[in-house]
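One file, entry.txt, is given below (compact mmCIF, C-alpha atoms and all ligand atoms).
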# COMPACT_ATOMS: atom_id res chain seq x y z
CA MET A 1 -14.31 14.73 -31.31
CA PHE A 2 -12.68 16.51 -28.37
CA VAL A 3 -9.32 17.55 -29.88
CA SER A 4 -8.92 19.37 -33.17
CA LYS A 5 -6.26 16.94 -34.47
CA ASN A 6 -5.98 13.32 -33.41
CA THR A 7 -2.28 13.51 -32.57
CA VAL A 8 -0.33 12.79 -29.41
CA ALA A 9 0.54 16.51 -29.13
CA ALA A 10 -3.11 17.59 -29.39
CA CYS A 11 -4.12 15.01 -26.78
CA LEU A 12 -1.36 16.19 -24.39
CA ASP A 13 -2.58 19.78 -24.83
CA TYR A 14 -6.16 18.71 -24.17
CA MET A 15 -5.15 16.92 -20.96
CA LYS A 16 -3.11 19.89 -19.79
CA GLU A 17 -5.90 22.36 -20.48
CA ARG A 18 -8.58 20.31 -18.70
CA LEU A 19 -6.43 19.29 -15.72
CA SER A 20 -4.48 22.47 -15.03
CA PRO A 21 -7.03 24.11 -12.75
CA ARG A 22 -6.75 21.14 -10.36
CA PHE A 23 -3.28 19.69 -10.83
CA SER A 24 0.22 21.20 -10.87
CA GLU A 25 2.37 21.06 -14.00
CA SER A 26 4.52 18.28 -12.61
CA GLU A 27 1.44 16.26 -11.59
CA ILE A 28 0.03 16.65 -15.10
CA ARG A 29 3.30 15.41 -16.60
CA VAL A 30 3.11 12.29 -14.39
CA ILE A 31 -0.54 11.74 -15.35
CA GLN A 32 0.24 12.12 -19.08
CA HIS A 33 3.18 9.75 -18.82
CA LEU A 34 1.27 7.05 -16.91
CA ALA A 35 -1.81 7.31 -19.14
CA PHE A 36 0.25 7.01 -22.34
CA GLU A 37 2.33 4.22 -20.83
CA LYS A 38 -0.83 2.33 -19.92
CA ARG A 39 -2.63 2.83 -23.22
CA LEU A 40 0.21 2.74 -25.76
CA GLY A 41 3.22 1.42 -23.84
CA PHE A 42 4.99 4.78 -24.30
CA SER A 43 8.11 5.57 -22.26
CA ARG A 44 8.79 9.21 -21.32
CA SER A 45 11.04 9.61 -24.35
CA ASP A 46 8.42 8.00 -26.66
CA LEU A 47 6.11 10.75 -25.51
CA MET A 48 8.63 13.41 -26.57
CA LEU A 49 9.54 11.76 -29.85
CA ASN A 50 6.10 10.75 -31.14
CA LYS A 51 4.13 13.96 -30.79
CA THR A 52 2.87 13.94 -34.38
CA GLU A 53 1.73 10.31 -34.25
CA GLY A 54 -2.00 9.80 -34.82
CA LEU A 55 -4.33 8.34 -32.19
CA SER A 56 -7.37 6.16 -32.82
CA GLU A 57 -10.86 7.09 -31.77
CA SER A 58 -10.75 4.52 -28.96
CA ASP A 59 -7.40 5.92 -27.73
CA LEU A 60 -8.98 9.36 -27.57
CA LEU A 61 -11.91 7.97 -25.61
CA PHE A 62 -9.48 6.37 -23.16
CA PHE A 63 -7.66 9.67 -22.50
CA ARG A 64 -10.95 11.55 -22.21
CA ASP A 65 -12.15 8.99 -19.64
CA VAL A 66 -8.92 9.39 -17.63
CA VAL A 67 -9.44 13.16 -17.50
CA LYS A 68 -13.11 12.83 -16.56
CA ARG A 69 -12.39 10.40 -13.74
CA LEU A 70 -9.53 12.52 -12.38
CA LEU A 71 -11.83 15.56 -12.33
CA ASN A 72 -14.29 13.38 -10.45
CA ASP A 73 -11.56 12.93 -7.77
CA GLU A 74 -10.80 9.27 -8.52
CA PRO A 75 -7.18 8.41 -7.64
CA LEU A 76 -4.90 8.02 -10.67
CA GLN A 77 -3.74 4.58 -9.53
CA TYR A 78 -7.30 3.22 -9.60
CA ILE A 79 -7.86 4.70 -13.07
CA ILE A 80 -4.62 3.27 -14.46
CA GLY A 81 -5.25 0.01 -12.55
CA ASP A 82 -1.74 -0.53 -11.27
CA THR A 83 1.09 1.11 -9.38
CA GLU A 84 4.77 0.59 -8.73
CA PHE A 85 5.81 -0.47 -5.24
CA PHE A 86 9.33 -1.53 -4.23
CA GLY A 87 10.12 -2.17 -7.90
CA LEU A 88 7.05 -4.39 -8.37
CA ARG A 89 4.17 -3.55 -10.70
CA LEU A 90 1.06 -4.24 -8.59
CA LYS A 91 -2.59 -4.22 -9.63
CA VAL A 92 -4.70 -1.81 -7.57
CA ASP A 93 -8.43 -1.26 -7.45
CA LYS A 94 -11.14 -0.38 -4.98
CA ARG A 95 -10.82 -3.75 -3.23
CA ALA A 96 -7.75 -2.47 -1.33
CA LEU A 97 -5.85 0.60 -0.21
CA ILE A 98 -3.44 2.14 -2.73
CA PRO A 99 0.08 1.33 -1.46
CA ARG A 100 1.76 4.48 -0.13
CA PRO A 101 5.41 5.64 -0.32
CA GLU A 102 5.61 5.57 3.51
CA THR A 103 4.84 1.86 3.41
CA GLU A 104 7.66 1.37 0.92
CA GLU A 105 9.92 3.00 3.53
CA LEU A 106 8.73 0.45 6.10
CA VAL A 107 9.71 -2.36 3.71
CA HIS A 108 13.15 -0.78 3.07
CA GLN A 109 13.78 -0.55 6.82
CA ILE A 110 12.96 -4.23 7.33
CA VAL A 111 15.16 -5.24 4.40
CA ASN A 112 18.05 -3.20 5.84
CA LYS A 113 17.56 -4.68 9.31
CA ARG A 114 17.56 -8.30 8.10
CA ASP A 115 19.84 -8.03 5.03
CA GLY A 116 21.55 -11.35 4.28
CA TYR A 117 19.27 -13.53 6.41
CA GLU A 118 18.08 -16.81 4.81
CA GLY A 119 14.97 -18.90 5.39
CA LEU A 120 13.05 -16.24 7.31
CA ARG A 121 9.43 -16.83 8.27
CA ILE A 122 7.58 -13.56 7.66
CA LEU A 123 4.00 -12.60 8.54
CA ASP A 124 2.26 -9.51 7.13
CA LEU A 125 -0.90 -8.66 9.09
CA CYS A 126 -3.55 -6.53 7.32
CA THR A 127 -1.94 -7.19 3.96
CA GLY A 128 -4.42 -5.41 1.64
CA SER A 129 -3.02 -5.52 -1.92
CA GLY A 130 -0.20 -7.73 -0.59
CA CYS A 131 2.34 -4.97 -1.26
CA ILE A 132 4.41 -5.53 1.91
CA ALA A 133 4.31 -9.34 1.79
CA LEU A 134 5.21 -9.50 -1.91
CA SER A 135 8.01 -6.93 -1.56
CA LEU A 136 9.54 -8.86 1.33
CA LYS A 137 9.34 -12.09 -0.67
CA SER A 138 11.14 -10.35 -3.54
CA ALA A 139 13.83 -9.08 -1.14
CA PHE A 140 14.15 -12.41 0.71
CA PRO A 141 13.55 -15.12 -1.93
CA THR A 142 14.26 -17.96 0.51
CA ALA A 143 11.69 -16.69 3.03
CA GLU A 144 8.33 -18.27 3.72
CA VAL A 145 5.90 -15.35 3.58
CA VAL A 146 2.27 -15.27 4.72
CA GLY A 147 -0.15 -12.34 4.39
CA VAL A 148 -3.53 -12.09 6.12
CA ASP A 149 -6.47 -9.74 5.87
CA SER A 150 -10.10 -9.78 6.96
CA GLU A 151 -11.46 -8.71 3.55
CA GLU A 152 -12.14 -11.22 0.81
CA GLY A 153 -11.77 -8.63 -1.96
CA ALA A 154 -8.36 -7.49 -0.73
CA LEU A 155 -7.20 -11.12 -0.52
CA GLU A 156 -8.34 -11.81 -4.10
CA LEU A 157 -6.34 -8.79 -5.23
CA ALA A 158 -3.28 -9.87 -3.23
CA LYS A 159 -3.47 -13.34 -4.84
CA GLU A 160 -3.74 -11.77 -8.29
CA ASN A 161 -0.64 -9.73 -7.49
CA ALA A 162 1.21 -12.87 -6.35
CA ILE A 163 0.43 -14.48 -9.71
CA SER A 164 1.34 -11.45 -11.82
CA THR A 165 4.66 -10.91 -10.00
CA GLY A 166 5.46 -14.64 -9.85
CA LEU A 167 6.13 -14.38 -6.10
CA GLU A 168 5.08 -17.23 -3.85
CA VAL A 169 3.19 -15.84 -0.86
CA ALA A 170 0.31 -17.55 0.96
CA PHE A 171 -2.69 -15.32 1.66
CA HIS A 172 -5.38 -16.18 4.23
CA GLN A 173 -8.55 -14.63 5.56
CA VAL A 174 -8.04 -13.78 9.23
CA ASP A 175 -9.57 -11.19 11.54
CA VAL A 176 -6.43 -9.93 13.24
CA LEU A 177 -8.44 -8.70 16.22
CA LYS A 178 -9.54 -12.32 16.76
CA TRP A 179 -6.07 -13.85 16.40
CA ARG A 180 -6.64 -16.16 19.35
CA GLU A 181 -9.27 -18.01 17.27
CA SER A 182 -7.22 -18.22 14.07
CA LYS A 183 -5.98 -21.63 12.91
CA VAL A 184 -3.48 -19.88 10.59
CA LEU A 185 -1.91 -17.83 13.37
CA LYS A 186 -2.20 -20.17 16.33
CA ASP A 187 0.99 -22.13 17.06
CA ALA A 188 2.90 -20.48 14.17
CA LYS A 189 6.37 -19.03 14.79
CA TRP A 190 7.84 -16.08 12.92
CA ASP A 191 11.14 -14.24 12.44
CA ILE A 192 9.40 -11.06 11.29
CA ILE A 193 5.90 -9.74 11.91
CA VAL A 194 5.01 -6.59 10.01
CA SER A 195 1.79 -4.62 9.81
CA ASN A 196 0.31 -1.47 8.37
CA PRO A 197 -3.11 -1.76 10.02
CA PRO A 198 -6.02 0.71 9.88
CA TYR A 199 -4.97 3.64 12.10
CA ILE A 200 -6.89 6.80 11.25
CA PRO A 201 -9.31 7.85 14.02
CA LEU A 202 -12.82 8.42 12.59
CA ARG A 203 -12.71 12.02 13.83
CA ASP A 204 -9.98 12.77 11.22
CA LYS A 205 -12.46 11.99 8.41
CA GLN A 206 -13.56 15.59 8.10
CA ASP A 207 -10.00 16.72 7.19
CA MET A 208 -9.42 14.08 4.53
CA CYS A 209 -9.44 14.50 0.74
CA THR A 210 -12.39 13.35 -1.36
CA ASN A 211 -10.20 11.13 -3.50
CA VAL A 212 -9.37 9.01 -0.42
CA LEU A 213 -12.77 9.17 1.27
CA SER A 214 -14.91 8.47 -1.80
CA PHE A 215 -12.79 5.74 -3.36
CA GLU A 216 -10.58 3.86 -0.89
CA PRO A 217 -12.09 1.19 1.40
CA HIS A 218 -12.94 2.65 4.79
CA VAL A 219 -12.22 -0.68 6.48
CA ALA A 220 -8.59 -0.14 5.45
CA LEU A 221 -8.39 3.34 6.91
CA PHE A 222 -10.42 3.93 10.04
CA VAL A 223 -10.46 2.92 13.68
CA GLU A 224 -12.79 4.00 16.46
CA ASP A 225 -11.86 7.31 18.11
CA ASP A 226 -11.91 5.80 21.59
CA ASP A 227 -9.33 3.10 20.81
CA PRO A 228 -7.11 4.11 17.87
CA VAL A 229 -4.29 1.72 18.84
CA ILE A 230 -6.47 -1.39 19.06
CA PHE A 231 -4.62 -3.13 16.21
CA TYR A 232 -1.20 -2.39 17.70
CA ARG A 233 -2.27 -3.72 21.11
CA GLU A 234 -3.61 -6.97 19.64
CA ILE A 235 -0.71 -7.44 17.23
CA ALA A 236 1.86 -6.76 19.98
CA ALA A 237 0.08 -9.35 22.17
CA TYR A 238 0.14 -11.90 19.34
CA ALA A 239 3.75 -11.10 18.39
CA SER A 240 4.93 -11.55 21.97
CA THR A 241 3.71 -15.15 21.83
CA SER A 242 4.71 -16.03 18.27
CA LEU A 243 7.87 -14.13 17.35
CA LEU A 244 11.03 -16.12 17.88
CA SER A 245 13.62 -14.73 20.27
CA GLY A 246 15.28 -11.79 18.47
CA GLY A 247 12.37 -11.69 16.00
CA LEU A 248 11.49 -8.33 14.51
CA LEU A 249 8.19 -6.51 14.88
CA GLY A 250 7.65 -3.62 12.43
CA PHE A 251 4.66 -1.26 12.34
CA GLU A 252 3.58 1.61 10.18
CA ILE A 253 1.88 4.09 12.50
CA HIS A 254 -0.20 7.27 12.67
CA GLU A 255 2.19 10.21 12.99
CA ASP A 256 0.41 11.45 16.14
CA LEU A 257 0.25 8.08 17.89
CA ALA A 258 3.90 7.06 18.18
CA GLN A 259 4.08 7.16 21.97
CA GLU A 260 0.78 5.33 22.41
CA THR A 261 1.95 2.64 19.99
CA VAL A 262 5.31 2.34 21.79
CA LYS A 263 3.40 1.86 25.05
CA GLN A 264 1.49 -1.10 23.58
CA VAL A 265 4.75 -2.68 22.48
CA GLN A 266 6.55 -2.05 25.77
CA GLU A 267 3.76 -3.68 27.74
CA HIS A 268 4.78 -6.94 26.12
CA LYS A 269 8.45 -6.71 27.14
CA PHE A 270 9.86 -6.15 23.67
CA ILE A 271 13.41 -4.83 23.51
CA HIS A 272 15.19 -2.30 21.24
CA VAL A 273 11.95 -0.37 20.74
CA SER A 274 12.47 2.52 18.31
CA VAL A 275 10.41 5.11 16.47
CA LEU A 276 11.57 6.08 12.97
CA THR A 277 10.52 9.07 10.90
CA ASP A 278 9.58 8.95 7.22
CA LEU A 279 10.95 11.16 4.46
CA GLN A 280 8.46 13.88 5.48
CA GLU A 281 10.05 13.83 8.97
CA LYS A 282 6.86 12.39 10.48
CA GLU A 283 6.99 9.67 13.13
CA ARG A 284 5.84 6.81 10.91
CA MET A 285 7.34 3.49 12.03
CA VAL A 286 7.83 1.57 15.25
CA PHE A 287 10.27 -1.33 15.44
CA ALA A 288 10.98 -3.72 18.28
CA GLU A 289 12.55 -7.12 18.91
CA ASN A 290 11.26 -10.00 20.98
CA ALA A 291 13.45 -10.62 23.98
C1 LIG A 301 -3.97 0.46 6.01
S1 LIG A 301 -4.53 -0.92 5.05
C2 LIG A 301 -2.95 -1.61 4.65
C3 LIG A 301 -2.93 -2.44 3.41
C4 LIG A 301 -1.54 -2.82 2.93
N1 LIG A 301 -0.83 -3.59 3.93
C5 LIG A 301 -0.74 -1.57 2.60
O1 LIG A 301 0.21 -1.27 3.35
O2 LIG A 301 -1.06 -0.89 1.63
C6 LIG A 301 -5.19 -1.96 6.31
C7 LIG A 301 -5.71 -3.32 5.90
O3 LIG A 301 -6.25 -3.94 7.06
C8 LIG A 301 -7.36 -4.71 6.70
N2 LIG A 301 -8.17 -4.93 7.91
C9 LIG A 301 -9.07 -4.12 8.50
N3 LIG A 301 -9.56 -4.68 9.61
C10 LIG A 301 -8.96 -5.89 9.74
C11 LIG A 301 -9.04 -6.94 10.68
N4 LIG A 301 -9.85 -6.87 11.75
N5 LIG A 301 -8.29 -8.04 10.49
C12 LIG A 301 -7.47 -8.14 9.41
N6 LIG A 301 -7.35 -7.19 8.48
C13 LIG A 301 -8.07 -6.06 8.65
C14 LIG A 301 -8.05 -3.92 5.61
O4 LIG A 301 -8.86 -4.75 4.82
C15 LIG A 301 -6.84 -3.34 4.87
O5 LIG A 301 -6.49 -4.17 3.79
What would the structure in this file look like if it were written as structure tokens?
Amino acid sequence: MFVSKNTVAACLDYMKERLSPRFSESEIRVIQHLAFEKRLGFSRSDLMLNKTEGLSESDLLFFRDVVKRLLNDEPLQYIIGDTEFFGLRLKVDKRALIPRPETEELVHQIVNKRDGYEGLRILDLCTGSGCIALSLKSAFPTAEVVGVDSEEGALELAKENAISTGLEVAFHQVDVLKWRESKVLKDAKWDIIVSNPPYIPLRDKQDMCTNVLSFEPHVALFVEDDDPVIFYREIAAYASTSLLSGGLLGFEIHEDLAQETVKQVQEHKFIHVSVLTDLQEKERMVFAENA
């Protein structure tokens, strides 16, 4: 037994006591809410109103495991097993990167830029969990949406997310850096190409948190120090041949690499090239249109 009384209140106190050296009060409230929502389907108000309710032994084990894994630096989203992204509940696990709020901003920008368009053909390169592709399908129900990734595990997860959200997106295994050899990409034409590719130079590893480094797939994060914009160069080259005239190219980028990314795009004669900042005021997105 790890709490004196098996009640919701005692369990909340236990979580707070164990987590408070590492997490702020507001973070602990989020953790408590998500853990109780996952295990017992509690809303925030259920949590307030049911403090004297009893918990079973297996419930207590669940909450103890959540605490243990958090103290072992595992990201909360992997422990809970899902996350919310653009209003969709998506499964997440170590097969793919946890979708980030900045990426949600990228999706919002695309939706704003193409609001009201019908029958779009949309390609999401380096799709991971499928978060961008599925969000765009939910925003543009008449669109044909394709997501590609090099990793089998990520693609399995993306397909599971397509099933659980009921959104029809086709996912394919493609090495984006070898797009010239891809049957899926060759000869296809698109209205929108979007990508959040790996963009962290390996040298930045030393400054990164353990919960990212020890749990998230490195293939999703890192690029070689000597060519950190390799994905943008290849994707811009592909997009210049496959985006329709006026088609939109949208990238999430490394905050320090905006100008280098813009250069890759400009070399392919795109027009209306712009850099947008995220909510943290960091240069986070590049947009351009095919001439
Ligand atoms: C930064 S993650 C983005 C995942 C997802 N789009 C998101 O925004 O959360 C980059 C993704 O690129 C994939 N990737 C890495 N190298 C690749 C390659 N050569 N071709 C295609 N996908 C690749 C990784 O598997 C990973 O899923």
Have a look at CA of Asp93 (chain A) and CA of Asp149 (chain A) and let me know their distance in Å, one decimal.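 Separation of CA of Asp93 (chain A) and CA of Asp149 (chain A): 15.9 Å.
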I'd like a table as a Markdown table: residues in chain A with an atom no more than 9 Å from ligand LIG 301 (chain A), each row giving the shortest atom pair and its distance in Å to one decimal, only C-alpha atoms and all ligand atoms counted, sorted by chain and rising residue number.
| residue | atom | partner | partner_atom | distance |
| --- | --- | --- | --- | --- |
| A:Arg95 | CA | A:LIG301 | O5 | 8.3 |
| A:Ala96 | CA | A:LIG301 | O5 | 5.5 |
| A:Leu97 | CA | A:LIG301 | O2 | 5.3 |
| A:Ile98 | CA | A:LIG301 | O2 | 5.8 |
| A:Pro99 | CA | A:LIG301 | O2 | 4.0 |
| A:Arg100 | CA | A:LIG301 | O2 | 6.3 |
| A:Glu102 | CA | A:LIG301 | O1 | 8.7 |
| A:Thr103 | CA | A:LIG301 | O1 | 5.6 |
| A:Glu104 | CA | A:LIG301 | O1 | 8.3 |
| A:Asp124 | CA | A:LIG301 | N1 | 7.4 |
| A:Leu125 | CA | A:LIG301 | C12 | 6.6 |
| A:Cys126 | CA | A:LIG301 | O3 | 3.8 |
| A:Thr127 | CA | A:LIG301 | N1 | 3.8 |
| A:Gly128 | CA | A:LIG301 | O5 | 3.2 |
| A:Ser129 | CA | A:LIG301 | C4 | 5.7 |
| A:Gly130 | CA | A:LIG301 | N1 | 6.2 |
| A:Cys131 | CA | A:LIG301 | C5 | 6.0 |
| A:Ile132 | CA | A:LIG301 | N1 | 5.9 |
| A:Ala133 | CA | A:LIG301 | N1 | 8.0 |
| A:Gly147 | CA | A:LIG301 | N1 | 8.8 |
| A:Val148 | CA | A:LIG301 | C12 | 6.5 |
| A:Asp149 | CA | A:LIG301 | N6 | 3.8 |
| A:Ser150 | CA | A:LIG301 | C12 | 4.0 |
| A:Glu151 | CA | A:LIG301 | O4 | 4.9 |
| A:Glu152 | CA | A:LIG301 | O4 | 8.3 |
| A:Gly153 | CA | A:LIG301 | O4 | 8.3 |
| A:Ala154 | CA | A:LIG301 | O5 | 5.9 |
| A:Leu155 | CA | A:LIG301 | O5 | 8.2 |
| A:Gln173 | CA | A:LIG301 | C12 | 7.6 |
| A:Val174 | CA | A:LIG301 | C12 | 5.7 |
| A:Asp175 | CA | A:LIG301 | N5 | 3.6 |
| A:Val176 | CA | A:LIG301 | N5 | 3.8 |
| A:Leu177 | CA | A:LIG301 | N4 | 5.0 |
| A:Lys178 | CA | A:LIG301 | N4 | 7.4 |
| A:Trp179 | CA | A:LIG301 | N5 | 8.6 |
| A:Val194 | CA | A:LIG301 | N1 | 8.9 |
| A:Ser195 | CA | A:LIG301 | N1 | 6.5 |
| A:Asn196 | CA | A:LIG301 | C2 | 4.9 |
| A:Pro197 | CA | A:LIG301 | C6 | 4.3 |
| A:Pro198 | CA | A:LIG301 | C1 | 4.4 |
| A:Tyr199 | CA | A:LIG301 | C1 | 6.9 |
| A:Ile200 | CA | A:LIG301 | C1 | 8.7 |
| A:Pro217 | CA | A:LIG301 | O4 | 7.6 |
| A:His218 | CA | A:LIG301 | C14 | 8.2 |
| A:Val219 | CA | A:LIG301 | C9 | 5.1 |
| A:Ala220 | CA | A:LIG301 | C15 | 3.7 |
| A:Leu221 | CA | A:LIG301 | C1 | 5.4 |
| A:Phe222 | CA | A:LIG301 | C9 | 8.3 |
| A:Val223 | CA | A:LIG301 | N3 | 8.7 |
| A:Phe231 | CA | A:LIG301 | N4 | 7.8 |
| A:Glu252 | CA | A:LIG301 | O1 | 8.1 |
Around (-1.8, -17.4, 13.7) in the file's frame, which residues reach within 10 Å when counting all atoms listed in the file? Return as number ranges by chain? A: 123, 125, 148, 174, 176, 178-190, 238-239, 242
What does the distance from CA of Val92 (chain A) to CA of Ala158 (chain A) come to in Å, to one decimal?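 It comes out at 9.3 Å.
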Of the residues A:Thr142, A:Gln280, A:Ser135, A:Thr210, which is the one nearest to Leu70 (chain A), using only C-alpha atoms?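 For Leu70 (chain A), the nearest of the candidates is A:Thr210.
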Long-range neighbours of His108 (chain A) as a tab-separated table (two decimals) with C-alpha atoms, keeping the file's coordinate frame, 12 Å cut-off, only C-alpha atoms, 3 positions minimum in chain:
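What follows is the written file result29.tsv:
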chain	number	residue	atom	x	y	z
A	85	PHE	CA	5.81	-0.47	-5.24
A	86	PHE	CA	9.33	-1.53	-4.23
A	87	GLY	CA	10.12	-2.17	-7.90
A	101	PRO	CA	5.41	5.64	-0.32
A	102	GLU	CA	5.61	5.57	3.51
A	103	THR	CA	4.84	1.86	3.41
A	104	GLU	CA	7.66	1.37	0.92
A	105	GLU	CA	9.92	3.00	3.53
A	111	VAL	CA	15.16	-5.24	4.40
A	112	ASN	CA	18.05	-3.20	5.84
A	113	LYS	CA	17.56	-4.68	9.31
A	114	ARG	CA	17.56	-8.30	8.10
A	115	ASP	CA	19.84	-8.03	5.03
A	132	ILE	CA	4.41	-5.53	1.91
A	135	SER	CA	8.01	-6.93	-1.56
A	136	LEU	CA	9.54	-8.86	1.33
A	138	SER	CA	11.14	-10.35	-3.54
A	139	ALA	CA	13.83	-9.08	-1.14
A	140	PHE	CA	14.15	-12.41	0.71
A	250	GLY	CA	7.65	-3.62	12.43
A	278	ASP	CA	9.58	8.95	7.22
A	285	MET	CA	7.34	3.49	12.03
Can you measure CA of Tyr14 (chain A) to CA of Ser58 (chain A) for me? One decimal in Å is fine. 15.7 Å
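Near Thr261 (chain A), within 8 Å and counting all atoms listed in the file, sit Val229, Tyr232, Arg233, Ile253 and Val286 of chain A, not including residues fewer than 5 positions from it in the same chain.
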Given all atoms listed in the file as the counted atoms, nearest of A:Gln259, A:Thr7, A:Ser20, A:Ser43 to Leu60 (chain A):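 Selected residue with least distance to Leu60 (chain A): A:Thr7.
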Give me, as JSON, numbers by chain, all polymer residues having an atom no more than 12 Å from Arg69 (chain A), counting only C-alpha atoms and skipping those fewer than 4 positions away in the same chain. {"A": [18, 19, 62, 63, 64, 65, 73, 74, 75, 76, 77, 78, 79, 80, 211, 215]}
Would you mind telling me which residue in A:Ile122, A:Gln32, A:Glu53, A:Lys38 lies nearest to Val8 (chain A) when using all atoms listed in the file?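 Smallest distance to Val8 (chain A) is found for A:Glu53.
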Pick the closest to Leu167 (chain A) from A:Leu134, A:Leu279, A:Val145, A:Cys11: which is it, counting only C-alpha atoms?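 Nearest candidate to Leu167 (chain A) out of A:Leu134, A:Leu279, A:Val145, A:Cys11: A:Leu134.
Nearest to Phe23 (chain A) of all the residues A:Leu71, A:Gln206, A:Asp59, A:Arg44 is A:Leu71, based on only C-alpha atoms.
Of the listed residues A:Leu12, A:Glu281, A:His33, A:Thr241, the one whose atoms come nearest to Ser45 (chain A) is A:His33, with distances taken using all atoms listed in the file.
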Got a sec: who's within 10 Å of Glu283 (chain A), counting only C-alpha atoms, leaving out chain neighbours fewer than 6 positions off, as a list in words? Glu252, Ile253, His254, Glu255, Asp256, Leu257, Ala258, Gln259, Val275, Leu276 and Thr277 of chain A
